[in-house]
file structure-v4.cif (mmCIF, C-alpha atoms and all ligand atoms)
data_my_file
loop_
_atom_site.label_atom_id
_atom_site.label_comp_id
_atom_site.auth_asym_id
_atom_site.auth_seq_id
_atom_site.Cartn_x
_atom_site.Cartn_y
_atom_site.Cartn_z
CA MET A 288 -147.09 -34.36 77.08
CA VAL A 289 -144.72 -31.47 77.51
CA LEU A 290 -145.33 -31.47 81.21
CA SER A 291 -144.50 -35.16 81.55
CA ILE A 292 -140.95 -34.61 80.25
CA PHE A 293 -140.45 -31.99 82.96
CA LYS A 294 -141.62 -34.55 85.46
CA VAL A 295 -139.01 -37.03 84.23
CA LEU A 296 -136.31 -34.35 84.35
CA TRP A 297 -137.32 -33.32 87.85
CA ASN A 298 -137.29 -36.95 89.05
CA ASN A 299 -133.87 -37.50 87.51
CA LEU A 300 -132.57 -34.40 89.25
CA LYS A 301 -133.96 -35.58 92.55
CA GLN A 302 -132.49 -39.10 92.19
CA GLY A 303 -128.96 -37.92 91.46
CA PRO A 304 -126.54 -39.82 89.21
CA SER A 305 -127.21 -43.52 88.61
CA THR A 306 -123.56 -44.24 87.77
CA ASP A 307 -121.94 -46.79 90.01
CA PRO A 308 -119.30 -44.93 92.08
CA PHE A 309 -116.74 -47.73 91.68
CA PRO A 310 -113.65 -47.44 91.42
CA PHE A 311 -113.81 -44.09 93.25
CA GLY A 312 -116.28 -45.34 95.84
CA GLU A 313 -118.02 -48.45 97.10
CA THR A 314 -120.09 -50.54 94.72
CA PHE A 315 -123.10 -52.72 95.38
CA THR A 316 -122.43 -56.47 95.52
CA PRO A 317 -125.45 -58.79 95.63
CA ALA A 318 -125.12 -61.40 98.40
CA ARG A 319 -125.71 -64.24 95.92
CA LEU A 320 -123.25 -63.04 93.29
CA ARG A 321 -121.05 -65.92 92.14
CA GLY A 322 -117.42 -64.94 92.66
CA LYS A 323 -114.19 -66.52 93.87
CA VAL A 324 -114.40 -70.07 95.18
CA ALA A 325 -113.56 -70.79 98.84
CA VAL A 326 -112.90 -74.19 100.43
CA ASP A 327 -113.46 -75.29 104.02
CA PRO A 328 -110.93 -78.12 104.58
CA GLU A 329 -112.65 -79.16 107.85
CA ALA A 330 -115.90 -79.99 106.05
CA CYS A 331 -114.32 -81.63 102.98
CA VAL A 332 -114.30 -85.44 102.71
CA GLY A 333 -111.96 -85.42 99.73
CA CYS A 334 -114.44 -87.28 97.53
CA GLY A 335 -113.30 -85.46 94.39
CA VAL A 336 -116.80 -84.84 93.02
CA CYS A 337 -116.06 -81.12 92.67
CA ALA A 338 -112.98 -81.81 90.53
CA THR A 339 -115.00 -84.22 88.34
CA VAL A 340 -117.83 -81.79 87.62
CA CYS A 341 -115.67 -78.64 87.34
CA ALA A 342 -116.43 -76.99 84.01
CA GLY A 343 -113.19 -75.01 83.87
CA ASN A 344 -110.96 -77.80 85.18
CA ALA A 345 -109.95 -75.46 87.98
CA ILE A 346 -109.85 -77.97 90.85
CA LYS A 347 -106.98 -80.35 91.50
CA HIS A 348 -106.53 -82.83 94.34
CA VAL A 349 -103.03 -84.13 94.95
CA GLU A 350 -102.46 -87.02 97.33
CA ARG A 351 -99.54 -86.46 99.71
CA GLY A 352 -96.80 -89.07 99.54
CA ASP A 353 -96.84 -89.71 103.30
CA GLY A 354 -100.55 -90.60 103.28
CA SER A 355 -101.48 -87.75 105.62
CA GLY A 356 -104.09 -86.23 103.30
CA LYS A 357 -104.67 -84.32 100.09
CA ASP A 358 -103.65 -80.92 98.82
CA PHE A 359 -106.67 -79.11 97.42
CA TYR A 360 -106.03 -76.48 94.75
CA VAL A 361 -108.47 -74.14 92.99
CA TRP A 362 -107.02 -71.93 90.25
CA HIS A 363 -109.12 -68.76 89.96
CA ASN A 364 -107.71 -68.03 86.51
CA THR A 365 -109.74 -70.81 84.92
CA CYS A 366 -112.80 -70.85 87.20
CA THR A 367 -115.94 -69.88 85.32
CA PHE A 368 -118.07 -69.13 88.42
CA CYS A 369 -120.48 -71.82 87.21
CA GLY A 370 -121.21 -73.08 90.72
CA LEU A 371 -121.31 -76.79 89.78
CA CYS A 372 -118.78 -77.62 92.51
CA GLN A 373 -120.99 -76.00 95.14
CA HIS A 374 -124.09 -77.71 93.73
CA TYR A 375 -122.63 -81.22 93.84
CA CYS A 376 -120.52 -81.00 97.02
CA PRO A 377 -122.18 -83.32 99.57
CA THR A 378 -121.00 -81.34 102.61
CA ASP A 379 -121.06 -77.71 101.39
CA ALA A 380 -117.28 -77.63 101.86
CA ILE A 381 -116.74 -75.73 98.62
CA ARG A 382 -118.77 -72.64 97.85
CA LEU A 383 -118.70 -69.50 95.77
CA THR A 384 -118.18 -66.29 97.72
CA ASN A 385 -119.43 -62.98 96.35
CA ASN A 386 -115.86 -61.70 96.03
CA TRP A 387 -115.65 -60.54 92.41
CA SER A 388 -112.37 -58.64 92.72
CA THR A 389 -110.12 -60.72 90.48
CA ALA A 390 -107.94 -58.27 88.50
CA HIS A 391 -104.21 -58.81 89.00
CA ARG A 392 -100.84 -58.25 87.36
CA ASN A 393 -99.71 -60.99 85.00
CA GLU A 394 -96.72 -61.83 87.20
CA ASP A 395 -99.21 -63.05 89.84
CA LYS A 396 -101.03 -65.28 87.34
CA TYR A 397 -100.10 -68.55 89.01
CA LYS A 398 -100.49 -67.19 92.53
CA MET A 399 -104.22 -66.64 92.01
CA LYS A 400 -105.25 -69.88 93.67
CA GLU A 401 -106.75 -71.37 96.79
CA HIS A 402 -104.61 -73.96 98.49
CA GLU A 403 -105.97 -76.00 101.39
CA PHE A 404 -104.79 -79.18 103.02
CA VAL A 405 -107.49 -81.81 103.58
CA ALA A 406 -106.09 -84.07 106.30
CA TYR A 407 -107.11 -87.70 106.59
CA ALA A 408 -108.78 -88.67 109.86
CA ARG A 409 -107.55 -91.51 112.08
CA CYS A 410 -109.81 -94.28 113.32
CA PRO A 411 -110.14 -93.77 117.11
CA GLN A 412 -109.98 -97.55 117.64
CA CYS A 413 -107.22 -98.86 115.37
CA ASP A 414 -105.50 -95.62 114.24
CA GLN A 415 -106.00 -96.49 110.55
CA ALA A 416 -105.87 -93.42 108.22
CA MET A 417 -109.14 -92.80 106.37
CA PRO A 418 -111.02 -89.96 104.67
CA ASN A 419 -112.21 -87.24 106.99
CA MET A 420 -115.88 -87.77 107.89
CA PRO A 421 -117.54 -84.52 108.95
CA HIS A 422 -120.93 -84.62 110.64
CA ALA A 423 -122.39 -82.76 107.65
CA MET A 424 -121.80 -85.89 105.56
CA LEU A 425 -123.76 -88.00 108.04
CA ASP A 426 -126.62 -85.50 107.91
CA HIS A 427 -126.48 -85.51 104.13
CA ILE A 428 -126.83 -89.31 103.92
CA TYR A 429 -129.21 -90.06 106.80
CA GLY A 430 -131.07 -86.80 107.44
CA ALA A 431 -131.46 -87.29 111.21
CA PRO A 432 -128.82 -89.90 112.20
CA THR A 433 -129.67 -92.31 115.01
CA GLU A 434 -127.60 -92.73 118.17
CA GLU A 435 -126.08 -95.96 116.83
CA LEU A 436 -124.86 -94.14 113.73
CA GLU A 437 -123.45 -91.31 115.80
CA ALA A 438 -121.43 -93.88 117.73
CA ILE A 439 -119.82 -95.51 114.68
CA TYR A 440 -119.46 -92.85 111.98
CA LYS A 441 -115.96 -91.80 112.99
CA LEU A 442 -114.60 -95.37 112.76
CA CYS A 443 -112.73 -96.90 109.84
CA PRO A 444 -114.74 -99.32 107.65
CA GLU A 445 -113.34 -102.43 109.36
CA CYS A 446 -113.97 -101.26 112.95
CA ARG A 447 -117.36 -99.86 111.89
CA ARG A 448 -118.44 -103.25 110.60
CA GLN A 449 -117.46 -104.93 113.86
CA LYS A 450 -119.09 -102.28 116.03
CA ALA A 451 -122.29 -102.30 113.93
CA ALA A 452 -122.48 -106.10 114.25
CA GLN A 453 -122.05 -105.80 118.01
CA GLN A 454 -124.80 -103.19 118.21
CA PHE A 455 -127.09 -105.36 116.10
CA GLY A 456 -126.35 -108.43 118.25
CA ALA A 457 -127.14 -106.46 121.40
CA GLN A 458 -130.48 -105.38 119.90
CA ILE A 459 -131.46 -108.99 119.08
CA HIS A 460 -130.45 -110.06 122.59
CA ASP A 461 -132.79 -107.47 124.13
CA MET B 180 -90.83 -28.00 79.21
CA SER B 181 -90.52 -29.24 75.66
CA ILE B 182 -93.55 -29.83 73.47
CA ILE B 183 -93.13 -33.60 73.81
CA ASP B 184 -93.26 -33.33 77.62
CA ALA B 185 -96.32 -31.13 77.39
CA ILE B 186 -98.09 -33.69 75.19
CA LYS B 187 -97.04 -36.52 77.51
CA SER B 188 -98.44 -34.78 80.56
CA LYS B 189 -101.80 -34.51 78.82
CA ALA B 190 -101.77 -37.97 77.19
CA VAL B 191 -101.11 -39.68 80.48
CA ARG B 192 -104.58 -38.72 81.64
CA SER B 193 -106.51 -39.98 78.64
CA PRO B 194 -105.42 -43.31 77.18
CA TRP B 195 -107.60 -44.79 74.46
CA LEU B 196 -108.90 -48.31 74.70
CA TYR B 197 -109.02 -50.80 71.88
CA ARG B 198 -110.66 -54.20 71.91
CA ILE B 199 -109.48 -57.38 70.19
CA ASN B 200 -111.76 -60.40 70.06
CA ALA B 201 -109.47 -63.43 69.83
CA GLY B 202 -112.18 -66.02 69.37
CA SER B 203 -114.30 -65.10 72.37
CA CYS B 204 -117.84 -66.40 72.90
CA ASN B 205 -118.88 -62.72 73.10
CA GLY B 206 -119.72 -62.95 76.81
CA CYS B 207 -116.71 -60.86 77.76
CA ASP B 208 -117.29 -58.47 74.85
CA VAL B 209 -120.79 -57.78 76.10
CA GLU B 210 -119.34 -56.94 79.52
CA LEU B 211 -116.78 -54.65 77.85
CA ALA B 212 -119.56 -52.94 75.93
CA THR B 213 -121.40 -52.59 79.23
CA THR B 214 -118.48 -50.80 80.86
CA ALA B 215 -118.21 -48.49 77.85
CA LEU B 216 -121.74 -47.75 76.78
CA ILE B 217 -123.91 -47.87 79.87
CA PRO B 218 -123.88 -44.77 82.08
CA ARG B 219 -124.08 -47.05 85.10
CA TYR B 220 -120.40 -48.15 84.72
CA ASP B 221 -119.08 -45.46 82.39
CA VAL B 222 -115.39 -46.20 81.83
CA GLU B 223 -114.91 -42.64 80.53
CA ARG B 224 -114.84 -41.41 84.13
CA LEU B 225 -111.29 -42.83 84.22
CA GLY B 226 -110.32 -40.66 81.28
CA CYS B 227 -110.46 -43.59 78.85
CA LYS B 228 -112.28 -43.76 75.57
CA TYR B 229 -112.89 -46.65 73.21
CA CYS B 230 -111.47 -46.14 69.74
CA GLY B 231 -112.05 -47.94 66.46
CA SER B 232 -108.53 -48.18 65.11
CA PRO B 233 -105.54 -49.99 66.59
CA LYS B 234 -103.34 -47.10 65.42
CA HIS B 235 -105.01 -44.81 67.96
CA ALA B 236 -104.89 -47.20 70.89
CA ASP B 237 -102.90 -47.07 74.12
CA ILE B 238 -104.50 -49.82 76.20
CA VAL B 239 -105.61 -52.99 74.42
CA LEU B 240 -108.22 -55.30 75.93
CA ILE B 241 -108.11 -58.85 74.56
CA THR B 242 -110.91 -61.39 75.01
CA GLY B 243 -111.15 -64.99 73.83
CA PRO B 244 -108.86 -68.03 73.91
CA VAL B 245 -106.64 -67.10 70.88
CA THR B 246 -107.73 -69.90 68.56
CA SER B 247 -105.38 -71.23 65.88
CA MET B 248 -107.44 -69.51 63.18
CA VAL B 249 -107.30 -66.07 64.77
CA LYS B 250 -103.78 -66.10 66.24
CA GLU B 251 -101.98 -64.56 63.26
CA LYS B 252 -104.66 -61.89 62.89
CA VAL B 253 -104.42 -60.97 66.56
CA LEU B 254 -100.66 -60.58 66.23
CA ARG B 255 -101.07 -58.45 63.10
CA VAL B 256 -103.53 -56.07 64.78
CA TYR B 257 -101.43 -56.03 67.94
CA GLU B 258 -98.34 -54.97 65.94
CA GLU B 259 -100.31 -52.01 64.56
CA ILE B 260 -100.79 -50.55 68.04
CA PRO B 261 -98.03 -48.01 68.62
CA ASP B 262 -95.67 -48.39 71.57
CA PRO B 263 -95.91 -47.87 74.49
CA LYS B 264 -99.00 -49.95 75.06
CA VAL B 265 -100.59 -51.83 77.93
CA THR B 266 -102.26 -55.20 77.41
CA VAL B 267 -105.19 -56.42 79.49
CA ALA B 268 -106.50 -59.99 79.19
CA VAL B 269 -110.23 -60.05 79.92
CA GLY B 270 -111.93 -63.30 80.93
CA VAL B 271 -110.44 -66.68 81.78
CA CYS B 272 -110.17 -67.56 78.06
CA PRO B 273 -107.05 -65.54 77.14
CA ILE B 274 -105.46 -66.12 80.56
CA SER B 275 -105.63 -69.92 80.74
CA GLY B 276 -107.86 -71.10 77.90
CA GLY B 277 -110.76 -71.42 80.33
CA VAL B 278 -113.34 -74.00 79.30
CA PHE B 279 -111.63 -74.32 75.93
CA ARG B 280 -108.22 -75.31 77.33
CA GLY B 281 -107.00 -78.54 75.75
CA SER B 282 -109.14 -78.10 72.66
CA TYR B 283 -107.47 -78.92 69.31
CA SER B 284 -107.88 -75.30 68.20
CA VAL B 285 -106.63 -73.64 71.41
CA PRO B 286 -102.98 -74.66 71.62
CA ILE B 287 -101.62 -71.56 73.41
CA MET B 288 -102.37 -68.97 76.05
CA LEU B 289 -102.28 -65.26 75.24
CA ASP B 290 -99.11 -64.58 77.24
CA ASP B 291 -97.25 -67.15 75.12
CA ILE B 292 -97.36 -64.75 72.14
CA ILE B 293 -97.98 -61.27 73.60
CA PRO B 294 -96.60 -59.63 76.75
CA VAL B 295 -99.67 -59.32 78.99
CA ASP B 296 -99.72 -56.76 81.82
CA VAL B 297 -103.03 -57.21 83.61
CA ASN B 298 -105.39 -60.18 83.88
CA VAL B 299 -109.09 -59.90 84.72
CA PRO B 300 -110.36 -63.47 85.15
CA GLY B 301 -114.03 -64.37 85.23
CA CYS B 302 -116.39 -65.97 82.76
CA PRO B 303 -117.25 -63.24 82.17
CA PRO B 304 -115.86 -60.83 84.80
CA ARG B 305 -118.41 -58.36 86.10
CA PRO B 306 -118.10 -54.73 84.88
CA GLN B 307 -116.67 -53.59 88.21
CA ALA B 308 -113.86 -56.17 87.88
CA ILE B 309 -113.11 -54.88 84.38
CA LEU B 310 -113.01 -51.30 85.71
CA GLU B 311 -110.61 -52.51 88.39
CA GLY B 312 -108.41 -54.03 85.67
CA VAL B 313 -108.54 -50.86 83.56
CA ALA B 314 -107.54 -48.83 86.64
CA MET B 315 -104.56 -51.16 87.11
CA ALA B 316 -103.66 -50.76 83.43
CA LEU B 317 -103.84 -46.96 83.87
CA ASP B 318 -101.25 -47.14 86.65
CA ILE B 319 -98.94 -49.13 84.36
CA TRP B 320 -99.65 -46.74 81.46
CA LYS B 321 -98.49 -43.79 83.61
CA THR B 322 -95.12 -45.46 84.15
CA ARG B 323 -94.67 -46.30 80.45
CA ILE B 324 -95.38 -43.06 78.68
S1 LIG C 501 -115.10 -79.92 98.36
FE1 LIG C 501 -116.95 -81.22 98.48
S2 LIG C 501 -117.08 -82.23 96.48
FE2 LIG C 501 -114.98 -81.43 96.68
S3 LIG C 501 -113.79 -83.14 97.50
FE3 LIG C 501 -114.47 -81.92 99.26
S4 LIG C 501 -116.39 -82.86 99.91
FE4 LIG C 501 -115.97 -83.65 97.84
S1 LIG C 502 -117.40 -72.61 90.00
FE1 LIG C 502 -117.37 -74.07 88.26
S2 LIG C 502 -115.41 -73.64 87.25
FE2 LIG C 502 -115.28 -72.69 89.29
S3 LIG C 502 -114.30 -74.25 90.57
FE3 LIG C 502 -116.54 -74.54 90.77
S4 LIG C 502 -117.08 -76.09 89.22
FE4 LIG C 502 -115.02 -75.30 88.71
S1 LIG C 503 -114.08 -66.03 79.50
FE1 LIG C 503 -116.11 -66.99 79.37
S2 LIG C 503 -117.47 -65.29 78.78
FE2 LIG C 503 -115.37 -64.64 78.34
S3 LIG C 503 -115.01 -65.17 76.19
FE3 LIG C 503 -114.28 -66.90 77.44
S4 LIG C 503 -116.03 -68.32 77.55
FE4 LIG C 503 -116.83 -66.33 76.86
#
call {"tool": "encode", "arguments": {"input": "structure-v4.cif", "output": "structure tokens"}}
result
Amino acid sequence: MVLSIFKVLWNNLKQGPSTDPFPFGETFTPARLRGKVAVDPEACVGCGVCATVCAGNAIKHVERGDGSGKDFYVWHNTCTFCGLCQHYCPTDAIRLTNNWSTAHRNEDKYKMKEHEFVAYARCPQCDQAMPNMPHAMLDHIYGAPTEELEAIYKLCPECRRQKAAQQFGAQIHD
Amino acid sequence: MSIIDAIKSKAVRSPWLYRINAGSCNGCDVELATTALIPRYDVERLGCKYCGSPKHADIVLITGPVTSMVKEKVLRVYEEIPDPKVTVAVGVCPISGGVFRGSYSVPIMLDDIIPVDVNVPGCPPRPQAILEGVAMALDIWKTRI
């Protein structure tokens, strides 16, 4: 019994202090830690699901007056790191980084936000403005999209309908 | 050097922390207890020490969304803390209301009634983030005393 306590003491001595060196040194950050939210405007379709499910009401989409796209805001000062936005986003455009460093002076309170611009795409045939359609969305809906789908997914709904009908007609003809 | 200056030069290195729970869910309070009580994070390395009375405090850490019921009590305790003092809002609740924003019993944010110096958002923030906030508060404390 007495010897075992010496063993513990000896092991503790060998291990050194278990105190996290932060803020005087580097700390350990797990890769999957849920921290500040980041948005990839290229992958976002602007569907608004993230804003709907957001527990802290941290996400705001504001349509631009000129119809060119949406402003995408995330206010870190009300984000709860719940991860619902990441879970429900169809294209993985919004995700939680492992950046936990959030402390700031109160004068910067309203500067603690992400601001991205999600531009609308243009139909390559008729130049109609429409929500951006990243390939990730196609993968999400169809798994492995066929060649026909690849050919039409960038078109606006109207042109897509026409093109799809043409493709279908051509198939019947064959 | 006068006696006051001598005391100041010592006090600047060891501010005392005091905690006010303004209607918090206790999540942030657990993280504060973690930074104070667990050797792993050990806030005392920064020269700070938690104290039990507002009259002894220099840096006050406030958690919770400041509900209507607790608002007056928070103000009363806050007034008891001698000047100069540094205020740190811990968690998204006192900063913006967090998940409780818009509730009938959460009509204000902390900085509407108390001058806040440092914010540490998170729900709850991790102990390292709180240490970062306390370090920021220490810098402000040095300029105030
Ligand atoms: S980030 Fe994802 S969920 Fe949010 S609007 Fe963009 S695509 Fe939709
Ligand atoms: S992590 Fe939760 S609270 Fe933060 S932006 Fe995403 S859904 Fe909103
Ligand atoms: S910020 Fe989150 S964890 Fe902290 S008191 Fe508010 S609800 Fe609880």
call {"tool": "residues_near_ligand", "arguments": {"input": "structure-v4.cif", "ligand": "ligand LIG 501 (chain C)", "cutoff": "6 Å", "atoms": "all atoms listed in the file", "output": "ChimeraX atom specification"}}
result
/A:331-337,376-378,380-381
call {"tool": "write_last_selection", "arguments": {"input": "structure-v4.cif", "atoms": "C-alpha atoms", "output": "PDB file, in the frame of the given file"}}
result
ATOM      1  CA  CYS A 331    -114.320 -81.630 102.980  1.00  0.00           C
ATOM      2  CA  VAL A 332    -114.300 -85.440 102.710  1.00  0.00           C
ATOM      3  CA  GLY A 333    -111.960 -85.420  99.730  1.00  0.00           C
ATOM      4  CA  CYS A 334    -114.440 -87.280  97.530  1.00  0.00           C
ATOM      5  CA  GLY A 335    -113.300 -85.460  94.390  1.00  0.00           C
ATOM      6  CA  VAL A 336    -116.800 -84.840  93.020  1.00  0.00           C
ATOM      7  CA  CYS A 337    -116.060 -81.120  92.670  1.00  0.00           C
ATOM      8  CA  CYS A 376    -120.520 -81.000  97.020  1.00  0.00           C
ATOM      9  CA  PRO A 377    -122.180 -83.320  99.570  1.00  0.00           C
ATOM     10  CA  THR A 378    -121.000 -81.340 102.610  1.00  0.00           C
ATOM     11  CA  ALA A 380    -117.280 -77.630 101.860  1.00  0.00           C
ATOM     12  CA  ILE A 381    -116.740 -75.730  98.620  1.00  0.00           C
TER      13      ILE A 381
END
call {"tool": "interface_residues", "arguments": {"input": "structure-v4.cif", "of": "chain A", "to": "chain B", "cutoff": "7 Å", "atoms": "all atoms listed in the file", "output": "list in words"}}
result
Ser305, Thr306, Asp307, Phe309, Pro310, Ala342, Gly343, Asn364, Thr365, Cys366, Thr367, Phe368, Trp387, Ser388, Thr389, Ala390, His391, Arg392 and Asn393 of chain A
call {"tool": "closest_residue", "arguments": {"input": "structure-v4.cif", "among": "A:Thr339, A:Pro308, A:Phe293, A:Cys369", "to": "ligand LIG 503 (chain C)", "atoms": "all atoms listed in the file"}}
result
A:Cys369
call {"tool": "atom_distance", "arguments": {"input": "structure-v4.cif", "atom1": "CA of Val265 (chain B)", "atom2": "CA of Ile293 (chain B)"}}
result
10.7 Å
call {"tool": "axis_aligned_box", "arguments": {"input": "structure-v4.cif", "around": "region 180-193 of chain B", "padding_each_side": "6 Å", "output": "lines of an AutoDock Vina configuration file"}}
result
center_x = -98.5
center_y = -34.0
center_z = 77.6
size_x = 28.0
size_y = 24.0
size_z = 20.2
call {"tool": "residues_near_point", "arguments": {"input": "structure-v4.cif", "point": "(-111.0, -89.6, 108.4)", "cutoff": "9 Å", "atoms": "all atoms listed in the file", "output": "short mmCIF file (atom, residue, chain, number, x, y, z; two decimals) with C-alpha atoms, in the frame of the given file"}}
result
data_model
loop_
_atom_site.label_atom_id
_atom_site.label_comp_id
_atom_site.auth_asym_id
_atom_site.auth_seq_id
_atom_site.Cartn_x
_atom_site.Cartn_y
_atom_site.Cartn_z
CA VAL A 332 -114.30 -85.44 102.71
CA ALA A 406 -106.09 -84.07 106.30
CA TYR A 407 -107.11 -87.70 106.59
CA ALA A 408 -108.78 -88.67 109.86
CA ARG A 409 -107.55 -91.51 112.08
CA CYS A 410 -109.81 -94.28 113.32
CA GLN A 415 -106.00 -96.49 110.55
CA ALA A 416 -105.87 -93.42 108.22
CA MET A 417 -109.14 -92.80 106.37
CA PRO A 418 -111.02 -89.96 104.67
CA ASN A 419 -112.21 -87.24 106.99
CA MET A 420 -115.88 -87.77 107.89
CA PRO A 421 -117.54 -84.52 108.95
CA LYS A 441 -115.96 -91.80 112.99
CA LEU A 442 -114.60 -95.37 112.76
CA CYS A 443 -112.73 -96.90 109.84
#
call {"tool": "atom_distance", "arguments": {"input": "structure-v4.cif", "atom1": "CA of Ala215 (chain B)", "atom2": "CA of Lys228 (chain B)"}}
result
7.9 Å
call {"tool": "closest_residue", "arguments": {"input": "structure-v4.cif", "among": "A:Asp353, A:Asp379, A:Asp461, A:Glu437", "to": "ligand LIG 502 (chain C)", "atoms": "only C-alpha atoms and all ligand atoms"}}
result
A:Asp379
call {"tool": "closest_residue", "arguments": {"input": "structure-v4.cif", "among": "B:Ser232, B:Ser284, B:Thr322, B:Ser203", "to": "ligand LIG 503 (chain C)", "atoms": "only C-alpha atoms and all ligand atoms"}}
result
B:Ser203
call {"tool": "residues_around", "arguments": {"input": "structure-v4.cif", "residues": "His348 (chain A)", "least_positions_apart": "3", "cutoff": "8 Å", "atoms": "all atoms listed in the file", "output": "PDB file with C-alpha atoms, in the coordinates of the input"}}
result
ATOM      1  CA  GLY A 335    -113.300 -85.460  94.390  1.00  0.00           C
ATOM      2  CA  ALA A 338    -112.980 -81.810  90.530  1.00  0.00           C
ATOM      3  CA  LYS A 357    -104.670 -84.320 100.090  1.00  0.00           C
ATOM      4  CA  ASP A 358    -103.650 -80.920  98.820  1.00  0.00           C
ATOM      5  CA  PHE A 359    -106.670 -79.110  97.420  1.00  0.00           C
ATOM      6  CA  TYR A 360    -106.030 -76.480  94.750  1.00  0.00           C
TER       7      TYR A 360
END
call {"tool": "residues_around", "arguments": {"input": "structure-v4.cif", "residues": "Lys187 (chain B)", "least_positions_apart": "3", "cutoff": "12 Å", "atoms": "all atoms listed in the file", "output": "list in words"}}
result
Met180, Ser181, Ile182, Ile183, Asp184, Ala190, Val191, Arg192, Ser193, Pro194, Pro263, Trp320, Lys321, Thr322, Arg323 and Ile324 of chain B
call {"tool": "closest_residue", "arguments": {"input": "structure-v4.cif", "among": "A:Gly312, A:Leu296, A:Val340, A:Glu329", "to": "ligand LIG 502 (chain C)", "atoms": "only C-alpha atoms and all ligand atoms"}}
result
A:Val340
call {"tool": "residues_around", "arguments": {"input": "structure-v4.cif", "residues": "Arg198 (chain B)", "least_positions_apart": "3", "cutoff": "6 Å", "atoms": "only C-alpha atoms", "output": "PyMOL selection string"}}
result
chain B and resi 239-241
call {"tool": "closest_residue", "arguments": {"input": "structure-v4.cif", "among": "A:His363, A:Lys301, A:Lys450, A:His460", "to": "Tyr397 (chain A)", "atoms": "only C-alpha atoms"}}
result
A:His363
